[in-house]
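Containing compact mmCIF, C-alpha atoms: entry_17.txt.
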```
# COMPACT_ATOMS: atom_id res chain seq x y z
CA MET U 1 57.80 99.21 79.40
CA LEU U 2 59.73 96.80 81.62
CA ALA U 3 62.22 96.20 78.79
CA LEU U 4 62.84 99.95 78.58
CA GLU U 5 63.35 100.15 82.34
CA LEU U 6 65.81 97.26 82.22
CA LEU U 7 67.69 99.01 79.41
CA ALA U 8 67.88 102.17 81.50
CA ALA U 9 68.98 100.21 84.57
CA ALA U 10 71.83 98.44 82.73
CA PRO U 11 74.24 101.42 82.51
CA LEU U 12 73.26 102.40 86.04
CA ILE U 13 74.25 99.06 87.55
CA ALA U 14 77.42 98.87 85.42
CA THR U 15 78.50 102.37 86.53
CA ALA U 16 77.69 101.69 90.19
CA SER U 17 79.64 98.41 90.05
CA LEU U 18 82.75 99.99 88.56
CA LEU U 19 82.49 102.84 91.05
CA TYR U 20 82.33 100.34 93.91
CA ASP U 21 85.43 98.68 92.46
CA GLY U 22 87.16 102.06 92.72
CA VAL U 23 86.05 102.45 96.35
CA ASP U 24 87.22 98.90 97.08
CA ARG U 25 90.68 99.53 95.62
CA LYS U 26 91.01 102.86 97.41
CA VAL U 27 89.94 101.57 100.84
CA ARG U 28 92.09 98.45 100.47
CA ALA U 29 95.08 100.63 99.59
CA ARG U 30 94.51 102.96 102.55
CA MET U 31 94.30 100.00 104.93
CA GLN U 32 97.66 98.86 103.55
CA GLY U 33 99.17 102.33 103.98
CA ARG U 34 99.15 103.22 100.26
CA VAL U 35 97.59 106.18 98.46
CA GLY U 36 95.84 103.87 95.98
CA PRO U 37 94.42 104.60 92.55
CA PRO U 38 91.78 107.28 91.89
CA LEU U 39 88.13 106.26 92.44
CA VAL U 40 87.47 106.28 88.69
CA GLN U 41 90.48 104.05 87.85
CA PRO U 42 88.23 101.07 86.91
CA PHE U 43 86.57 103.30 84.27
CA TYR U 44 89.99 104.27 82.85
CA ASP U 45 90.98 100.59 82.80
CA PHE U 46 87.74 99.58 81.09
CA VAL U 47 88.06 102.21 78.35
CA LYS U 48 91.76 101.47 77.82
CA LEU U 49 91.17 97.72 77.55
CA LEU U 50 88.33 98.26 75.08
CA SER U 51 90.70 100.17 72.79
CA LYS U 52 93.27 97.36 72.68
CA ASP U 53 93.62 94.68 70.00
CA ARG U 54 91.58 91.51 70.20
CA ILE U 55 93.94 88.57 70.55
CA VAL U 56 92.66 85.00 70.42
CA PRO U 57 95.02 82.10 71.30
CA ARG U 58 95.57 79.67 68.43
CA ALA U 59 94.77 76.64 70.65
CA SER U 60 91.45 78.06 71.85
CA ALA U 61 87.91 77.09 70.92
CA ARG U 62 87.46 80.44 69.19
CA LEU U 63 83.68 80.82 69.35
CA ILE U 64 83.39 79.96 73.05
CA TYR U 65 86.48 81.97 73.96
CA THR U 66 85.31 85.15 72.23
CA THR U 67 81.60 85.08 73.10
CA SER U 68 81.85 84.04 76.77
CA PRO U 69 82.95 87.43 78.19
CA LEU U 70 80.20 89.21 76.25
CA LEU U 71 77.48 86.75 77.32
CA SER U 72 78.76 86.67 80.89
CA SER U 73 78.76 90.45 81.26
CA ALA U 74 75.33 90.66 79.59
CA LEU U 75 73.91 88.10 82.05
CA ALA U 76 75.47 89.82 85.07
CA VAL U 77 74.16 93.21 83.95
CA THR U 78 70.71 91.66 83.33
CA ALA U 79 70.74 90.24 86.86
CA GLY U 80 71.64 93.66 88.27
CA SER U 81 69.00 95.38 86.14
CA LEU U 82 66.31 92.91 87.27
CA LEU U 83 67.27 93.63 90.87
CA LEU U 84 67.01 97.38 90.31
CA ALA U 85 63.61 96.93 88.60
CA GLY U 86 62.46 94.84 91.58
CA LEU U 87 63.69 97.49 94.00
CA ALA U 88 61.90 100.23 92.07
CA GLY U 89 58.71 98.17 92.27
CA SER U 90 58.23 97.84 88.51
CA LEU U 91 59.06 94.11 88.44
CA ARG U 92 56.71 91.98 90.52
CA VAL U 93 57.32 88.43 89.34
CA PRO U 94 57.33 85.47 91.76
CA GLY U 95 60.78 83.88 91.94
CA ASP U 96 62.81 86.74 90.49
CA VAL U 97 65.29 86.41 93.38
CA VAL U 98 66.03 82.86 92.24
CA LEU U 99 66.35 84.10 88.66
CA ILE U 100 68.84 86.81 89.69
CA LEU U 101 71.02 84.33 91.58
CA SER U 102 70.81 81.83 88.72
CA LEU U 103 71.87 84.47 86.20
CA LEU U 104 74.86 85.34 88.38
CA THR U 105 75.77 81.64 88.61
CA VAL U 106 75.55 81.14 84.85
CA ALA U 107 77.57 84.33 84.30
CA SER U 108 80.38 83.01 86.53
CA LEU U 109 80.26 79.57 84.95
CA LEU U 110 80.30 80.95 81.39
CA LEU U 111 83.35 83.05 82.10
CA MET U 112 85.18 80.07 83.54
CA VAL U 113 84.27 77.86 80.59
CA GLY U 114 85.29 80.61 78.15
CA GLY U 115 88.64 81.04 79.88
CA ALA U 116 89.23 77.28 80.03
CA SER U 117 88.55 77.05 76.28
CA SER U 118 91.72 79.09 75.70
CA GLY U 119 93.74 75.89 75.88
CA ASN U 120 95.89 77.15 78.73
CA PRO U 121 96.44 74.46 81.41
CA TYR U 122 96.22 77.02 84.23
CA ALA U 123 92.75 78.00 82.98
CA ALA U 124 91.69 74.33 82.97
CA VAL U 125 92.87 73.93 86.59
CA SER U 126 91.02 77.14 87.41
CA LEU U 127 87.78 75.77 85.91
CA ALA U 128 88.04 72.64 88.06
CA ARG U 129 88.66 74.77 91.15
CA GLY U 130 85.94 77.24 90.17
CA VAL U 131 83.23 74.64 89.78
CA SER U 132 83.93 73.12 93.20
CA VAL U 133 83.92 76.58 94.81
CA LEU U 134 80.77 77.57 92.92
CA PHE U 135 78.80 74.59 94.17
CA SER U 136 80.14 75.07 97.70
CA TYR U 137 78.94 78.63 98.22
CA LYS U 138 75.92 78.83 95.91
CA VAL U 139 73.91 76.33 97.97
CA PRO U 140 74.03 78.25 101.31
CA MET U 141 73.67 81.52 99.37
CA MET U 142 70.49 80.29 97.66
CA ILE U 143 69.05 78.90 100.92
CA SER U 144 69.68 82.19 102.74
CA VAL U 145 68.04 84.18 99.95
CA ILE U 146 65.01 81.86 99.95
CA ALA U 147 64.76 82.23 103.74
CA ALA U 148 64.81 86.00 103.33
CA SER U 149 62.29 86.35 100.54
CA ALA U 150 59.83 83.62 101.52
CA GLY U 151 57.56 85.87 103.55
CA GLY U 152 56.74 88.45 100.89
CA ALA U 153 54.08 88.57 98.22
CA PRO U 154 54.79 87.86 95.37
CA LEU U 155 56.72 84.91 96.76
CA LEU U 156 60.54 84.83 96.45
CA SER U 157 60.69 88.23 94.79
CA VAL U 158 62.67 91.39 95.48
CA ALA U 159 59.50 93.48 95.34
CA GLY U 160 57.83 91.13 97.86
CA ALA U 161 60.79 91.31 100.27
CA VAL U 162 60.86 95.10 99.93
CA GLU U 163 57.13 95.43 100.60
CA LEU U 164 57.46 93.20 103.66
CA GLN U 165 60.35 95.26 105.05
CA ARG U 166 58.56 98.54 104.35
CA LYS U 167 55.88 97.32 106.75
CA SER U 168 57.95 95.61 109.43
CA GLY U 169 61.47 97.08 109.15
CA PRO U 170 64.77 95.51 108.03
CA LEU U 171 64.53 91.73 108.03
CA ALA U 172 67.96 91.15 109.58
CA LEU U 173 67.06 93.35 112.54
CA SER U 174 63.51 92.15 113.06
CA SER U 175 63.83 88.37 112.87
CA VAL U 176 66.17 85.56 113.89
CA SER U 177 65.79 83.98 110.48
CA GLY U 178 66.80 87.22 108.72
CA ALA U 179 69.86 87.75 110.92
CA LEU U 180 71.09 84.16 110.36
CA ALA U 181 70.43 84.37 106.62
CA LEU U 182 72.32 87.68 106.35
CA ALA U 183 75.31 86.22 108.20
CA SER U 184 75.36 83.26 105.81
CA PHE U 185 74.98 85.51 102.74
CA LEU U 186 77.80 87.82 103.87
CA LEU U 187 80.14 84.84 104.21
CA CYS U 188 79.25 83.78 100.64
CA MET U 189 79.85 87.25 99.13
CA PRO U 190 83.69 87.07 98.90
CA SER U 191 83.35 83.94 96.75
CA GLU U 192 80.84 85.66 94.48
CA GLY U 193 83.37 88.42 93.95
CA GLU U 194 86.30 85.97 93.71
CA VAL U 195 88.35 87.89 96.24
CA THR U 196 90.63 86.76 99.07
CA PRO U 197 90.41 84.58 101.09
CA PHE U 198 88.30 82.57 98.62
CA ASP U 199 89.98 83.52 95.33
CA VAL U 200 91.41 80.07 94.69
CA THR U 201 89.97 80.19 91.16
CA THR U 202 92.03 83.17 90.04
CA ALA U 203 94.88 83.01 92.57
CA GLU U 204 97.78 84.76 90.85
CA THR U 205 100.54 82.97 92.77
CA GLU U 206 99.00 79.55 92.17
CA VAL U 207 97.17 79.52 88.83
CA VAL U 208 98.32 82.91 87.42
CA TYR U 209 94.83 84.49 87.30
CA GLY U 210 93.30 81.14 86.30
CA PHE U 211 90.63 81.38 83.62
CA MET U 212 91.46 85.06 83.08
CA ILE U 213 95.06 84.23 82.11
CA GLU U 214 94.70 84.48 78.32
CA TYR U 215 92.05 87.20 78.20
CA GLY U 216 93.23 90.65 77.16
CA GLY U 217 91.90 93.79 75.51
CA PRO U 218 88.11 94.03 75.05
CA TYR U 219 87.60 90.45 76.25
CA LEU U 220 89.31 91.23 79.54
CA ALA U 221 87.34 94.48 79.84
CA LEU U 222 84.06 92.57 79.55
CA ALA U 223 85.25 89.76 81.83
CA LYS U 224 86.23 92.29 84.49
CA LEU U 225 82.91 94.09 84.06
CA ALA U 226 81.05 90.78 84.54
CA LYS U 227 82.94 90.07 87.76
CA SER U 228 82.48 93.61 88.98
CA VAL U 229 78.72 93.66 88.32
CA SER U 230 78.27 90.20 89.91
CA ARG U 231 80.08 91.42 93.02
CA PHE U 232 78.02 94.58 93.39
CA THR U 233 74.73 92.89 92.49
CA ALA U 234 75.29 90.34 95.27
CA ALA U 235 75.94 93.18 97.74
CA LEU U 236 72.87 95.09 96.54
CA LEU U 237 70.79 91.90 96.84
CA ALA U 238 71.96 91.48 100.44
CA SER U 239 71.18 95.09 101.22
CA SER U 240 67.69 94.96 99.66
CA LEU U 241 66.65 91.56 101.02
CA PHE U 242 67.98 91.92 104.55
CA LEU U 243 68.50 95.57 105.41
CA TYR U 244 65.90 97.54 103.42
CA THR U 245 64.94 100.41 105.71
CA PRO U 246 61.59 102.23 105.37
CA LEU U 247 62.41 105.95 105.21
CA GLY U 248 59.23 107.42 103.74
CA SER U 249 59.99 108.00 100.08
CA ARG U 250 61.12 105.38 97.56
CA PRO U 251 64.12 107.31 96.05
CA VAL U 252 65.60 107.93 99.52
CA GLU U 253 65.13 104.27 100.38
CA LEU U 254 66.84 103.22 97.13
CA ALA U 255 69.79 105.52 97.84
CA ALA U 256 70.04 104.11 101.38
CA CYS U 257 69.88 100.60 99.93
CA ALA U 258 72.78 101.34 97.53
CA LEU U 259 74.77 102.86 100.38
CA GLY U 260 74.01 99.78 102.48
CA ALA U 261 75.29 97.59 99.64
CA VAL U 262 78.58 99.51 99.58
CA VAL U 263 78.96 99.20 103.37
CA LEU U 264 78.18 95.46 103.30
CA ALA U 265 80.65 94.93 100.45
CA LEU U 266 83.30 96.94 102.28
CA ILE U 267 82.89 94.70 105.33
CA SER U 268 82.48 91.36 103.59
CA ILE U 269 84.76 91.80 100.57
CA THR U 270 87.22 94.66 101.10
CA ALA U 271 88.00 94.35 104.81
CA LEU U 272 87.98 90.55 104.89
CA GLY U 273 90.23 90.42 101.82
CA THR U 274 92.71 92.76 103.51
CA PHE U 275 92.83 90.95 106.85
CA VAL U 276 92.89 87.32 105.77
CA ALA U 277 95.26 85.39 103.50
CA ARG U 278 94.08 82.98 100.80
CA VAL U 279 92.83 79.56 101.86
CA ARG U 280 93.11 76.28 99.96
CA VAL U 281 90.44 74.79 97.65
CA ARG U 282 89.60 72.00 100.04
CA GLN U 283 89.31 74.50 102.89
CA VAL U 284 86.88 76.62 100.84
CA ALA U 285 84.57 73.68 100.16
CA GLY U 286 84.83 72.52 103.79
CA PHE U 287 84.14 75.99 105.12
CA TYR U 288 81.01 76.57 103.05
CA LEU U 289 79.56 73.19 103.94
CA ARG U 290 79.96 74.05 107.63
CA LEU U 291 79.42 77.59 108.92
CA PRO U 292 77.45 79.32 106.10
CA MET U 293 75.43 76.16 105.43
CA VAL U 294 74.53 75.76 109.12
CA LEU U 295 73.58 79.44 109.33
CA ALA U 296 71.43 79.23 106.17
CA LEU U 297 69.71 76.05 107.33
CA GLY U 298 69.21 77.65 110.74
CA ALA U 299 67.55 80.61 109.03
CA LEU U 300 65.28 78.27 107.08
CA ALA U 301 64.44 76.28 110.22
CA ALA U 302 63.63 79.48 112.14
CA LEU U 303 61.37 80.55 109.28
CA LEU U 304 59.57 77.21 109.16
CA LEU U 305 59.16 77.12 112.93
CA GLY U 306 57.32 80.40 112.71
CA ARG U 307 59.91 82.68 114.30
CA PHE U 308 59.97 84.84 111.17
CA MET Z 1 100.93 88.59 113.63
CA GLY Z 2 97.49 87.58 114.89
CA ILE Z 3 94.28 88.44 113.07
CA GLY Z 4 93.28 90.88 115.83
CA LYS Z 5 96.51 92.84 115.47
CA ILE Z 6 96.17 92.88 111.67
CA MET Z 7 92.60 94.25 111.94
CA LYS Z 8 93.67 96.92 114.41
CA ASP Z 9 96.65 97.89 112.25
CA ALA Z 10 94.54 98.11 109.07
CA ALA Z 11 91.83 100.13 110.83
CA THR Z 12 94.32 102.68 112.19
CA ARG Z 13 96.13 102.95 108.85
CA LEU Z 14 92.80 103.84 107.23
CA PHE Z 15 92.88 107.22 108.99
CA ARG Z 16 96.64 107.82 108.91
CA LYS Z 17 98.67 109.59 106.23
CA PRO Z 18 99.64 106.97 103.63
CA SER Z 19 103.28 105.95 103.28
CA THR Z 20 103.22 106.40 99.50
CA ILE Z 21 102.49 109.54 97.44
CA GLY Z 22 100.31 110.04 94.38
CA TYR Z 23 103.33 109.90 92.02
CA PRO Z 24 103.61 111.28 89.33
CA LEU Z 25 100.54 113.48 89.76
CA LYS Z 26 101.75 115.14 92.96
CA PRO Z 27 104.33 117.88 92.37
CA GLU Z 28 106.35 117.03 95.47
CA ARG Z 29 109.82 115.60 94.90
CA VAL Z 30 110.48 111.96 95.71
CA GLU Z 31 113.52 111.64 97.97
CA VAL Z 32 115.95 108.85 97.15
CA PRO Z 33 118.81 107.55 99.33
CA ASP Z 34 122.32 109.04 98.92
CA SER Z 35 123.65 105.73 97.60
CA TYR Z 36 120.97 105.61 94.85
CA ARG Z 37 122.31 104.69 91.42
CA GLY Z 38 120.28 106.55 88.80
CA ALA Z 39 120.98 108.14 85.42
CA ILE Z 40 124.62 108.19 84.32
CA ASP Z 41 126.38 111.56 84.19
CA PHE Z 42 129.41 111.35 81.91
CA ASP Z 43 131.84 114.24 81.53
CA PRO Z 44 133.83 113.72 78.27
CA LYS Z 45 136.27 116.51 79.21
CA LEU Z 46 137.56 114.47 82.17
CA CYS Z 47 137.77 111.20 80.24
CA VAL Z 48 141.31 110.05 79.36
CA GLY Z 49 140.17 107.08 77.29
CA CYS Z 50 141.65 104.39 79.54
CA MET Z 51 138.66 102.12 78.73
CA LEU Z 52 138.56 100.61 82.21
CA CYS Z 53 134.80 101.24 82.26
CA VAL Z 54 134.40 99.25 79.03
CA ARG Z 55 136.32 96.34 80.52
CA PHE Z 56 134.46 96.33 83.83
CA CYS Z 57 130.91 96.84 82.56
CA PRO Z 58 129.20 93.45 83.27
CA SER Z 59 126.40 93.99 80.76
CA GLY Z 60 128.50 95.30 77.86
CA ALA Z 61 126.59 98.56 77.88
CA ILE Z 62 129.65 100.75 77.28
CA THR Z 63 131.16 100.73 73.82
CA VAL Z 64 134.01 102.63 72.22
CA ALA Z 65 133.53 104.62 69.05
CA ASP Z 66 136.24 106.35 67.01
CA LYS Z 67 139.07 108.12 68.82
CA ARG Z 68 138.25 106.31 72.05
CA ARG Z 69 134.92 108.08 72.43
CA ILE Z 70 132.75 106.34 75.03
CA ALA Z 71 129.08 105.56 74.27
CA PHE Z 72 126.51 104.23 76.77
CA ASP Z 73 123.73 101.86 75.72
CA LEU Z 74 121.16 102.65 78.42
CA ALA Z 75 118.91 99.80 77.32
CA ARG Z 76 121.63 97.37 78.42
CA CYS Z 77 122.81 99.26 81.50
CA ILE Z 78 121.91 97.64 84.84
CA TYR Z 79 123.03 100.68 86.89
CA CYS Z 80 125.48 98.62 88.95
CA GLY Z 81 127.91 101.55 89.22
CA GLN Z 82 131.04 99.53 88.31
CA CYS Z 83 132.04 102.10 85.67
CA ALA Z 84 131.86 104.97 88.15
CA GLU Z 85 133.79 102.89 90.67
CA VAL Z 86 136.75 102.13 88.39
CA CYS Z 87 136.99 105.48 86.55
CA PRO Z 88 140.36 107.00 87.67
CA ARG Z 89 139.27 110.59 86.75
CA LYS Z 90 135.73 110.35 88.13
CA ALA Z 91 134.38 111.19 84.69
CA ILE Z 92 131.41 108.88 85.25
CA LYS Z 93 128.94 109.51 88.05
CA LEU Z 94 125.61 107.88 88.83
CA THR Z 95 123.11 110.58 89.75
CA LYS Z 96 119.93 110.44 91.82
CA GLU Z 97 117.84 110.99 88.68
CA PHE Z 98 115.39 108.08 88.32
CA GLU Z 99 112.97 109.47 85.76
CA LEU Z 100 114.53 107.92 82.69
CA ILE Z 101 111.49 108.13 80.45
CA TYR Z 102 111.50 110.47 77.47
CA GLU Z 103 108.19 111.63 76.07
CA SER Z 104 109.49 112.03 72.50
CA ILE Z 105 112.38 110.82 70.38
CA GLU Z 106 113.49 114.45 69.94
CA SER Z 107 113.85 115.03 73.69
CA PHE Z 108 115.82 111.77 73.96
CA LYS Z 109 118.19 112.83 71.16
CA GLN Z 110 118.74 116.22 72.79
CA GLN Z 111 119.69 114.47 75.98
```
As structure tokens, how would this structure be written, given the file I've shared?
Amino acid sequence: MLALELLAAAPLIATASLLYDGVDRKVRARMQGRVGPPLVQPFYDFVKLLSKDRIVPRASARLIYTTSPLLSSALAVTAGSLLLAGLAGSLRVPGDVVLILSLLTVASLLLMVGGASSGNPYAAVSLARGVSVLFSYKVPMMISVIAASAGGAPLLSVAGAVELQRKSGPLALSSVSGALALASFLLCMPSEGEVTPFDVTTAETEVVYGFMIEYGGPYLALAKLAKSVSRFTAALLASSLFLYTPLGSRPVELAACALGAVVLALISITALGTFVARVRVRQVAGFYLRLPMVLALGALAALLLGRF
Amino acid sequence: MGIGKIMKDAATRLFRKPSTIGYPLKPERVEVPDSYRGAIDFDPKLCVGCMLCVRFCPSGAITVADKRRIAFDLARCIYCGQCAEVCPRKAIKLTKEFELIYESIESFKQQ
């Protein structure tokens, strides 16, 4: 039954993610004084890329290069589907929050390794940059998520966090720990989506789209889908763990949660990416080990001290 | 520009009319400056076959066929306007037309 629900949730999360990408591009364009592409442009791009030829560089490790985008997108969609199942209340497994974040991490890592296996030196530089960025932001992100979902039953689960918030209101508004953890998570979200100011991995003017440089056609379509789903899943996770608002009926709450995810992503990813220029690799690592880490540890400390 | 000014500028632009238009979906005409150098308009009746344009063309886009008939290779043309500048009879003009795409080979041949 759960498998069927996950299968049904997969197209839902993929569609929502691509739609958010459209919103992101439109809002970003309007803030820059442009008309911008239509909201459904990411769907057009996806379909067009799928119809193109599959080209594999001669110098690449063929198997890794060709399977990575598929595996990465499958893992990202699985993470999103698990989150949706948790939100709907049909998945009540302890630790599923950790599983979702781990799946997103592996999805990012796989894509980087796949791109680096193309043999392109820019992709190799991108992998080195990507790994250092990944370990910089994943630690505070994981700590903030643990701080948010530690109070619910089952422990460290989306369903547990939702149940808790249905009783006592949105976590970020009702506790110091929740507010600190949300702040830390929001600062980590641009790195999850690989957008400015933390897009050192795929910076076009520095590493020419990094690990994505050789991907084209269906491989690029899947790679872009993986990134898109990871980005939206992170936003939906933030919305469900920190700002889940009890409104009476479950479908209304889910719709509000999705809307909350879009708003959070617009603030943390779209607006921040428009206002701020790209930072350097060393600055990314330094930044995440300071502010988001301090906020996440503060959230954990507040939780342990009983100010939940 | 400070971050505060950038944020304020971006926030106000969000609700203002955008500077660009939804080209080519919007029917409204895109205005180009008077000095714009677009598609070449050549009038063979005015041409006296002096071949100054051939000599001055920096990209070798103008060739001469039989009986001093001028032919333009638009794939090589860089729209610099040198040919129009040197033509003593003003037989060559650069128009404001910038849509140089043809949807079929037939429509290109007709042109």
Set up a box along x, y and z of the file covering all listed atoms of range 23-26 of chain Z, add 5 Å on every one of the six sides, and write the centre and edge lengths in Å to one decimal, as JSON.
```
{"center_x": 102.1, "center_y": 112.5, "center_z": 91.1, "size_x": 13.1, "size_y": 15.2, "size_z": 13.6}
```
Can you check which parts of range 21-119 of chain U lie within 10 Å of range 246-257 of chain U? Per residue, the shortest pair of atoms and distance in Å to one decimal, counting only C-alpha atoms, sorted by chain and number, as a Markdown table.
```
| residue | atom | partner | partner_atom | distance |
| --- | --- | --- | --- | --- |
| U:Leu84 | CA | U:Leu254 | CA | 9.0 |
| U:Leu87 | CA | U:Leu254 | CA | 7.2 |
| U:Ala88 | CA | U:Arg250 | CA | 7.6 |
| U:Gly89 | CA | U:Arg250 | CA | 9.3 |
```
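Compared by their closest atoms to chain Z, and using only C-alpha atoms, the residues U:Ala226, U:Leu63, U:Val35, U:Ala16 rank with U:Val35 nearest.
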Next item on the list: Taking (96.0, 105.8, 99.7) in the file's own coordinates, collect the residues within 12 Å, counting only C-alpha atoms, and hand them back as an NGL selection string.
Entry: (:U and (22-39)) or (:Z and (13-23))
Dump as a CSV table (one decimal), in the coordinates of the input, selection limited to C-alpha atoms:
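Writing the result to out-v4.csv gives the following:
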```csv
chain,number,residue,atom,x,y,z
U,22,GLY,CA,87.2,102.1,92.7
U,23,VAL,CA,86.0,102.4,96.4
U,24,ASP,CA,87.2,98.9,97.1
U,25,ARG,CA,90.7,99.5,95.6
U,26,LYS,CA,91.0,102.9,97.4
U,27,VAL,CA,89.9,101.6,100.8
U,28,ARG,CA,92.1,98.4,100.5
U,29,ALA,CA,95.1,100.6,99.6
U,30,ARG,CA,94.5,103.0,102.6
U,31,MET,CA,94.3,100.0,104.9
U,32,GLN,CA,97.7,98.9,103.6
U,33,GLY,CA,99.2,102.3,104.0
U,34,ARG,CA,99.2,103.2,100.3
U,35,VAL,CA,97.6,106.2,98.5
U,36,GLY,CA,95.8,103.9,96.0
U,37,PRO,CA,94.4,104.6,92.6
U,38,PRO,CA,91.8,107.3,91.9
U,39,LEU,CA,88.1,106.3,92.4
Z,13,ARG,CA,96.1,103.0,108.8
Z,14,LEU,CA,92.8,103.8,107.2
Z,15,PHE,CA,92.9,107.2,109.0
Z,16,ARG,CA,96.6,107.8,108.9
Z,17,LYS,CA,98.7,109.6,106.2
Z,18,PRO,CA,99.6,107.0,103.6
Z,19,SER,CA,103.3,106.0,103.3
Z,20,THR,CA,103.2,106.4,99.5
Z,21,ILE,CA,102.5,109.5,97.4
Z,22,GLY,CA,100.3,110.0,94.4
Z,23,TYR,CA,103.3,109.9,92.0
```
Notebook entry, point to check: What does the distance between CA of Leu99 in chain U and CA of Phe232 in chain U come to in Å, to one decimal place?
Noted result: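 Taking CA of Leu99 in chain U as the start and CA of Phe232 in chain U as the end point, the length is 16.4 Å.
In this model, the gap between CA of Val208 in chain U and CA of Leu75 in chain U comes to 25.5 Å.
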Item checked: All residues 12 Å or closer to Lys67 in chain Z, only C-alpha atoms, same chain fewer than 5 positions away omitted, as an MDAnalysis selection string -> chainID Z and resid 47:51
Since we have the selection now, will you write its residues out, keeping C-alpha atoms, as a PDB file, in the coordinates of the input?
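Result file part11.pdb:
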```
ATOM      1  CA  CYS Z  47     137.770 111.200  80.240  1.00  0.00           C
ATOM      2  CA  VAL Z  48     141.310 110.050  79.360  1.00  0.00           C
ATOM      3  CA  GLY Z  49     140.170 107.080  77.290  1.00  0.00           C
ATOM      4  CA  CYS Z  50     141.650 104.390  79.540  1.00  0.00           C
ATOM      5  CA  MET Z  51     138.660 102.120  78.730  1.00  0.00           C
TER       6      MET Z  51
END
```
Next item on the list: Using CA of Phe242 in chain U and CA of Ser157 in chain U as the two end points, give the distance in Å to one decimal.
Entry: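 Here the two named atoms are 12.7 Å from each other.
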Check: Residues at most 12 Å from Tyr79 in chain Z, counting all atoms listed in the file, excluding those fewer than 4 positions away in the same chain, as a PyMOL selection string?
Finding: chain Z and resi 35-41+57-62+72-75+83-85+92-98+100
Item checked: Minimum-distance residue to Gln82 in chain Z, chosen among Z:Lys26, Z:Phe42, Z:Arg55, Z:Thr12 (using all atoms listed in the file) -> Z:Arg55
Check: Counting all atoms listed in the file, what is within 9 Å of Val86 in chain Z, bar same-chain residues fewer than 3 positions away, as a ChimeraX atom specification?
Finding: /Z:52-53,56,81-83,89-90
Margin query: Using only C-alpha atoms and a cutoff of 12 Å, can you tell me which residues are near (104.1, 89.5, 108.3) in the file's coordinates, and write them out as an MDAnalysis selection string?
Written below: (chainID U and resid 275:277) or (chainID Z and resid 1:3 5:6 9)
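Restricting the calculation to only C-alpha atoms, the smallest distance between chain Z and any of U:Gly210, U:Gly273, U:Pro292, U:Gly86 is found for U:Gly273.
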Item checked: Which residue of Z:Ala10, Z:Glu99, Z:Gly4, Z:Arg29 approaches chain U most closely, using all atoms listed in the file -> Z:Ala10
Checklist line | Spatial neighbours of Asp199 in chain U, 12 Å, only C-alpha atoms, chain gap at least 2 places, as a PyMOL selection string | finding: chain U and resi 126+129-130+133-134+188-197+201-211+269+273+276-281+283-284
Please produce an output containing C-alpha atoms for each residue in the selection, written as an mmCIF file, in the frame of the given file.
```cif
data_model
loop_
_atom_site.group_PDB
_atom_site.id
_atom_site.type_symbol
_atom_site.label_atom_id
_atom_site.label_comp_id
_atom_site.auth_asym_id
_atom_site.auth_seq_id
_atom_site.Cartn_x
_atom_site.Cartn_y
_atom_site.Cartn_z
ATOM 1 C CA SER U 126 91.020 77.140 87.410
ATOM 2 C CA ARG U 129 88.660 74.770 91.150
ATOM 3 C CA GLY U 130 85.940 77.240 90.170
ATOM 4 C CA VAL U 133 83.920 76.580 94.810
ATOM 5 C CA LEU U 134 80.770 77.570 92.920
ATOM 6 C CA CYS U 188 79.250 83.780 100.640
ATOM 7 C CA MET U 189 79.850 87.250 99.130
ATOM 8 C CA PRO U 190 83.690 87.070 98.900
ATOM 9 C CA SER U 191 83.350 83.940 96.750
ATOM 10 C CA GLU U 192 80.840 85.660 94.480
ATOM 11 C CA GLY U 193 83.370 88.420 93.950
ATOM 12 C CA GLU U 194 86.300 85.970 93.710
ATOM 13 C CA VAL U 195 88.350 87.890 96.240
ATOM 14 C CA THR U 196 90.630 86.760 99.070
ATOM 15 C CA PRO U 197 90.410 84.580 101.090
ATOM 16 C CA THR U 201 89.970 80.190 91.160
ATOM 17 C CA THR U 202 92.030 83.170 90.040
ATOM 18 C CA ALA U 203 94.880 83.010 92.570
ATOM 19 C CA GLU U 204 97.780 84.760 90.850
ATOM 20 C CA THR U 205 100.540 82.970 92.770
ATOM 21 C CA GLU U 206 99.000 79.550 92.170
ATOM 22 C CA VAL U 207 97.170 79.520 88.830
ATOM 23 C CA VAL U 208 98.320 82.910 87.420
ATOM 24 C CA TYR U 209 94.830 84.490 87.300
ATOM 25 C CA GLY U 210 93.300 81.140 86.300
ATOM 26 C CA PHE U 211 90.630 81.380 83.620
ATOM 27 C CA ILE U 269 84.760 91.800 100.570
ATOM 28 C CA GLY U 273 90.230 90.420 101.820
ATOM 29 C CA VAL U 276 92.890 87.320 105.770
ATOM 30 C CA ALA U 277 95.260 85.390 103.500
ATOM 31 C CA ARG U 278 94.080 82.980 100.800
ATOM 32 C CA VAL U 279 92.830 79.560 101.860
ATOM 33 C CA ARG U 280 93.110 76.280 99.960
ATOM 34 C CA VAL U 281 90.440 74.790 97.650
ATOM 35 C CA GLN U 283 89.310 74.500 102.890
ATOM 36 C CA VAL U 284 86.880 76.620 100.840
#
```
Notebook entry, point to check: Leaving out Gly152 in chain U and any residue of its chain fewer than 6 positions from it, which residues lie within 10 Å of it when counting only C-alpha atoms, given as a PyMOL selection string?
Noted result: chain U and resi 94+158-165
